[in-house]
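Shown next: structure_22.csv, given as CSV, C-alpha atoms.
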chain,number,residue,atom,x,y,z
A,1008,MET,CA,-1.4,-5.3,-22.2
A,1009,VAL,CA,-5.1,-5.3,-21.6
A,1010,ALA,CA,-4.6,-7.7,-18.7
A,1011,CYS,CA,-2.1,-5.3,-17.2
A,1012,SER,CA,-4.5,-2.4,-17.5
A,1013,VAL,CA,-7.4,-4.4,-15.9
A,1014,LEU,CA,-5.1,-5.6,-13.1
A,1015,ALA,CA,-3.7,-2.1,-12.4
A,1016,LEU,CA,-7.3,-0.7,-12.3
A,1017,ALA,CA,-8.3,-3.5,-9.9
A,1018,LEU,CA,-5.3,-2.8,-7.6
A,1019,ILE,CA,-5.9,0.9,-7.6
A,1020,ILE,CA,-9.6,0.5,-6.6
A,1021,GLU,CA,-8.7,-2.1,-3.9
A,1022,ARG,CA,-6.0,0.2,-2.4
A,1023,PHE,CA,-8.4,3.2,-2.4
A,1024,ILE,CA,-11.0,1.0,-0.5
A,1025,SER,CA,-8.4,-0.5,1.9
A,1026,LEU,CA,-6.4,2.6,2.7
A,1027,GLN,CA,-9.1,4.8,4.1
A,1028,THR,CA,-8.3,6.7,7.3
A,1029,PRO,CA,-11.2,5.3,9.4
A,1030,LYS,CA,-9.9,1.8,8.6
A,1031,ILE,CA,-6.3,2.5,9.4
A,1032,THR,CA,-6.0,5.4,11.9
A,1033,PRO,CA,-9.3,6.6,13.2
A,1034,PRO,CA,-8.7,10.2,14.4
A,1035,LYS,CA,-9.9,10.0,18.0
A,1036,LEU,CA,-9.1,6.4,18.8
A,1037,LEU,CA,-5.8,7.0,20.7
A,1038,ASP,CA,-7.4,9.6,22.9
A,1039,GLU,CA,-10.3,7.4,23.7
A,1040,VAL,CA,-8.0,4.5,24.5
A,1041,LEU,CA,-5.9,6.7,26.8
A,1042,LYS,CA,-9.0,7.9,28.6
A,1043,LEU,CA,-10.4,4.4,28.9
A,1044,SER,CA,-7.2,3.1,30.4
A,1045,ARG,CA,-6.4,6.0,32.6
A,1046,HIS,CA,-6.3,3.9,35.8
A,1047,LYS,CA,-6.3,0.3,34.7
A,1048,VAL,CA,-5.9,-2.0,31.7
A,1049,PRO,CA,-9.2,-2.5,29.8
A,1050,ALA,CA,-11.0,-5.9,29.9
A,1051,ALA,CA,-10.3,-8.6,27.4
A,1052,ASP,CA,-13.5,-8.0,25.4
A,1053,VAL,CA,-12.7,-4.3,25.1
A,1054,LEU,CA,-9.2,-5.2,23.8
A,1055,THR,CA,-10.7,-7.7,21.3
A,1056,GLN,CA,-13.0,-4.9,20.0
A,1057,LEU,CA,-10.0,-2.5,19.9
A,1058,GLU,CA,-7.9,-5.0,17.9
A,1059,ASN,CA,-10.7,-5.5,15.4
A,1060,ASN,CA,-11.4,-1.8,15.1
A,1061,SER,CA,-8.5,-0.7,12.8
A,1062,ALA,CA,-4.8,-1.1,12.1
A,1063,LEU,CA,-4.1,1.5,14.9
A,1064,GLY,CA,-6.3,-0.5,17.3
A,1065,GLU,CA,-4.4,-3.7,16.5
A,1066,VAL,CA,-1.1,-2.0,17.4
A,1067,LEU,CA,-2.5,-0.4,20.6
A,1068,ALA,CA,-4.2,-3.7,21.7
A,1069,SER,CA,-0.8,-5.5,21.3
A,1070,GLY,CA,0.7,-3.2,24.0
A,1071,PHE,CA,-2.2,-3.9,26.4
A,1072,GLN,CA,-1.9,-7.7,25.7
A,1073,ALA,CA,1.8,-7.6,26.4
A,1074,LEU,CA,1.1,-5.9,29.8
A,1075,ILE,CA,-1.6,-8.4,30.6
A,1076,ALA,CA,0.7,-11.3,29.7
A,1077,ASN,CA,3.4,-10.0,32.0
A,1078,PRO,CA,2.4,-7.2,34.4
A,1079,HIS,CA,6.0,-6.6,35.3
A,1080,CYS,CA,7.4,-6.5,31.7
A,1081,SER,CA,9.9,-3.8,30.9
A,1082,GLU,CA,9.2,-0.8,28.7
A,1083,ALA,CA,11.4,-2.3,26.0
A,1084,ASP,CA,9.2,-5.4,26.0
A,1085,LEU,CA,6.1,-3.3,25.6
A,1086,ARG,CA,7.7,-1.4,22.7
A,1087,SER,CA,8.9,-4.7,21.2
A,1088,ALA,CA,5.3,-6.1,21.3
A,1089,MET,CA,3.9,-3.0,19.6
A,1090,GLU,CA,6.7,-3.0,17.0
A,1091,GLY,CA,5.9,-6.6,16.1
A,1092,ALA,CA,2.3,-5.7,15.6
A,1093,GLY,CA,3.3,-2.6,13.7
A,1094,ARG,CA,5.4,-4.7,11.3
A,1095,GLY,CA,2.4,-6.9,10.6
A,1096,VAL,CA,0.2,-3.9,10.0
A,1097,ALA,CA,2.8,-2.4,7.7
A,1098,HIS,CA,2.9,-5.6,5.6
A,1099,LYS,CA,-0.9,-5.4,5.2
A,1100,LEU,CA,-0.8,-1.7,4.3
A,1101,GLU,CA,1.9,-2.3,1.6
A,1102,ARG,CA,0.1,-5.2,0.1
A,1103,TYR,CA,-0.2,-5.1,-3.7
A,1104,LEU,CA,2.0,-1.9,-4.0
A,1105,SER,CA,4.8,-3.9,-5.4
A,1106,ALA,CA,2.5,-5.4,-8.0
A,1107,LEU,CA,1.4,-1.9,-9.0
A,1108,ALA,CA,5.0,-0.8,-9.2
A,1109,THR,CA,5.8,-3.8,-11.4
A,1110,ILE,CA,3.0,-3.0,-13.8
A,1111,ALA,CA,4.2,0.7,-13.9
A,1112,SER,CA,7.7,-0.4,-14.9
A,1113,THR,CA,6.9,-3.3,-17.3
A,1114,ALA,CA,4.0,-1.8,-19.2
A,1115,PRO,CA,6.2,0.5,-21.3
A,1116,LEU,CA,8.6,-2.3,-22.0
A,1117,MET,CA,5.7,-4.6,-23.1
A,1118,GLY,CA,4.5,-1.8,-25.4
A,1119,LEU,CA,7.9,-1.3,-26.8
A,1120,PHE,CA,8.3,-5.0,-27.4
A,1121,GLY,CA,5.0,-5.0,-29.3
A,1122,THR,CA,6.2,-2.0,-31.4
A,1123,VAL,CA,9.5,-3.7,-32.3
A,1124,VAL,CA,7.7,-7.0,-33.3
A,1125,GLY,CA,5.2,-5.0,-35.4
A,1126,MET,CA,8.0,-3.0,-37.1
A,1127,ILE,CA,9.9,-6.3,-37.9
A,1128,GLU,CA,6.7,-7.7,-39.5
A,1129,ILE,CA,6.0,-4.5,-41.4
A,1130,PHE,CA,9.5,-4.2,-42.9
A,1131,GLY,CA,9.5,-8.0,-43.6
A,1132,ALA,CA,6.3,-7.6,-45.5
A,1133,GLN,CA,7.6,-4.7,-47.6
A,1134,VAL,CA,10.2,-6.8,-49.4
A,1135,PRO,CA,8.7,-8.1,-52.6
A,1136,ALA,CA,8.8,-11.8,-53.3
A,1137,GLY,CA,10.8,-11.5,-56.6
A,1138,GLY,CA,13.5,-9.4,-55.1
A,1139,ALA,CA,12.3,-6.3,-56.9
A,1140,THR,CA,12.6,-3.0,-55.1
A,1141,GLY,CA,9.7,-0.9,-54.1
A,1142,GLY,CA,6.8,-1.4,-51.8
A,1143,ASN,CA,3.8,0.6,-50.8
A,1144,PRO,CA,4.8,3.7,-48.8
A,1145,ALA,CA,1.2,4.3,-47.6
A,1146,GLN,CA,1.0,0.7,-46.3
A,1147,LEU,CA,4.4,1.1,-44.6
A,1148,ALA,CA,3.3,4.4,-42.9
A,1149,HIS,CA,0.0,2.8,-41.8
A,1150,GLY,CA,1.9,-0.2,-40.4
A,1151,ILE,CA,4.3,1.9,-38.5
A,1152,SER,CA,1.5,4.0,-36.9
A,1153,VAL,CA,-0.3,0.8,-35.9
A,1154,ALA,CA,3.0,-0.6,-34.4
A,1155,LEU,CA,3.5,2.7,-32.4
A,1156,TYR,CA,0.1,2.3,-30.8
A,1157,ASN,CA,1.6,-0.5,-28.7
A,1158,THR,CA,4.1,1.9,-27.2
A,1159,ALA,CA,1.4,4.5,-26.6
A,1160,PHE,CA,-0.8,1.9,-24.9
A,1161,GLY,CA,2.1,0.8,-22.7
A,1162,LEU,CA,2.6,4.4,-21.6
A,1163,ILE,CA,-1.2,4.9,-21.0
A,1164,VAL,CA,-1.1,1.9,-18.6
A,1165,ALA,CA,2.3,2.8,-17.0
A,1166,ILE,CA,1.8,6.5,-16.2
A,1167,PRO,CA,-1.3,6.2,-14.1
A,1168,SER,CA,0.1,3.1,-12.4
A,1169,LEU,CA,3.2,5.0,-11.4
A,1170,ILE,CA,1.2,8.0,-10.2
A,1171,PHE,CA,-1.0,5.9,-8.1
A,1172,TRP,CA,1.9,3.8,-6.8
A,1173,ARG,CA,3.6,7.0,-5.6
A,1174,TYR,CA,0.4,8.3,-4.1
A,1175,PHE,CA,-0.3,5.0,-2.1
A,1176,ARG,CA,3.3,4.8,-1.1
A,1177,ALA,CA,3.2,8.3,0.4
A,1178,ARG,CA,-0.2,7.5,2.1
A,1179,VAL,CA,1.2,4.3,3.6
A,1180,ASP,CA,4.3,6.1,4.9
A,1181,ALA,CA,2.1,8.7,6.6
A,1182,TYR,CA,0.0,6.0,8.2
A,1183,LEU,CA,3.1,4.2,9.5
A,1184,LEU,CA,4.3,7.5,11.0
A,1185,THR,CA,1.0,8.0,12.7
A,1186,LEU,CA,1.1,4.4,14.1
A,1187,GLU,CA,4.6,4.8,15.3
A,1188,LEU,CA,3.8,8.1,17.2
A,1189,ALA,CA,0.6,6.6,18.7
A,1190,SER,CA,2.5,3.6,19.9
A,1191,GLU,CA,5.1,5.8,21.5
A,1192,ARG,CA,2.4,7.7,23.4
A,1193,LEU,CA,0.8,4.5,24.5
A,1194,ALA,CA,4.1,3.0,25.6
A,1195,ARG,CA,4.7,6.0,27.9
A,1196,HIS,CA,1.1,5.6,29.2
A,1197,LEU,CA,1.5,1.9,29.8
A,1198,ASN,CA,4.7,2.5,31.6
A,1199,THR,CA,2.8,4.5,34.2
A,1200,LEU,CA,0.2,1.8,34.5
A,1201,ARG,CA,3.0,-0.8,35.0
A,1202,LYS,CA,4.3,1.0,38.1
As structure tokens, the full file:
Amino acid sequence: MVACSVLALALIIERFISLQTPKITPPKLLDEVLKLSRHKVPAADVLTQLENNSALGEVLASGFQALIANPHCSEADLRSAMEGAGRGVAHKLERYLSALATIASTAPLMGLFGTVVGMIEIFGAQVPAGGATGGNPAQLAHGISVALYNTAFGLIVAIPSLIFWRYFRARVDAYLLTLELASERLARHLNTLRK
């Protein structure tokens, strides 16, 4: 259970660092790209710099690269190239989210398993060796409370993991929508450059 909590914390910190807006969708990048490419396709070094800039830059650069590779390509080919890059970016954005969701769903079960095993041992220890009835009720109560700590600890790990998984899932979905809208705008712009 401790390993799950450490792993969940590491994943949460990693996702907070990786899913920052300047790294994914810098606010003014699309406008700068449209202004830069108003009359012609930017040079290869500019496109390389754009591609390395952010996730949005990677998607936008893929549209320009498709146009450079085939100046007479159709609008569907441009969109297809950007969609392919977008799928790669989406995969990177969703990295580790399934692991966080797995921790959120299995941590309570692991805690419950620990509780059940602890209860079995407690009740097994309460039966006297000679078959006489009795047992120490204070020891039984203490053992049950210790066993229930397993469930509590499982919930302590699961609840924040679930909250952060939902938060990161919503954040990734918002980024993907922004990338899709930006690629639509660029596709229309590249269609004018193509003619």
Report as a count of residues only all protein, DNA and RNA residues lying within 10 Å of Leu1085 of chain A, evaluated on all atoms listed in the file, omitting residues in the same chain fewer than 4 positions from it. 17
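Between atom CA of Ala1111 of chain A and atom CA of Glu1021 of chain A the interatomic distance comes to 16.6 Å.
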Using all atoms listed in the file, the best pick from A:Glu1039, A:Ile1163, A:Ser1152, A:Phe1175 as closest to Phe1023 of chain A would be A:Phe1175
Please return as a ChimeraX atom specification every residue within 12 Å of (-4.4, -0.4, -9.7), taking into account only C-alpha atoms and the file's own coordinates. /A:1010-1024,1102-1111,1164-1175
Could you tell me which of A:Gly1150, A:Pro1034, A:Gly1161, A:Gly1093 comes closest to Ile1127 of chain A if we count all atoms listed in the file?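 Among the listed residues, A:Gly1150 lies closest to Ile1127 of chain A.
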Straight-line distance linking atom CA of Lys1047 of chain A with atom CA of Gly1091 of chain A, stated in Å to one decimal: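 Taking atom CA of Lys1047 of chain A as the start and atom CA of Gly1091 of chain A as the end point, the length is 23.3 Å.
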Near-Thr1028 of chain A list (10 Å; only C-alpha atoms; drop same-chain fewer than 6 positions) as a ChimeraX atom specification: /A:1034,1061-1062,1178,1182
In Å, with one decimal, what is the gap from atom CA of Pro1033 of chain A to atom CA of Leu1057 of chain A? 11.3 Å
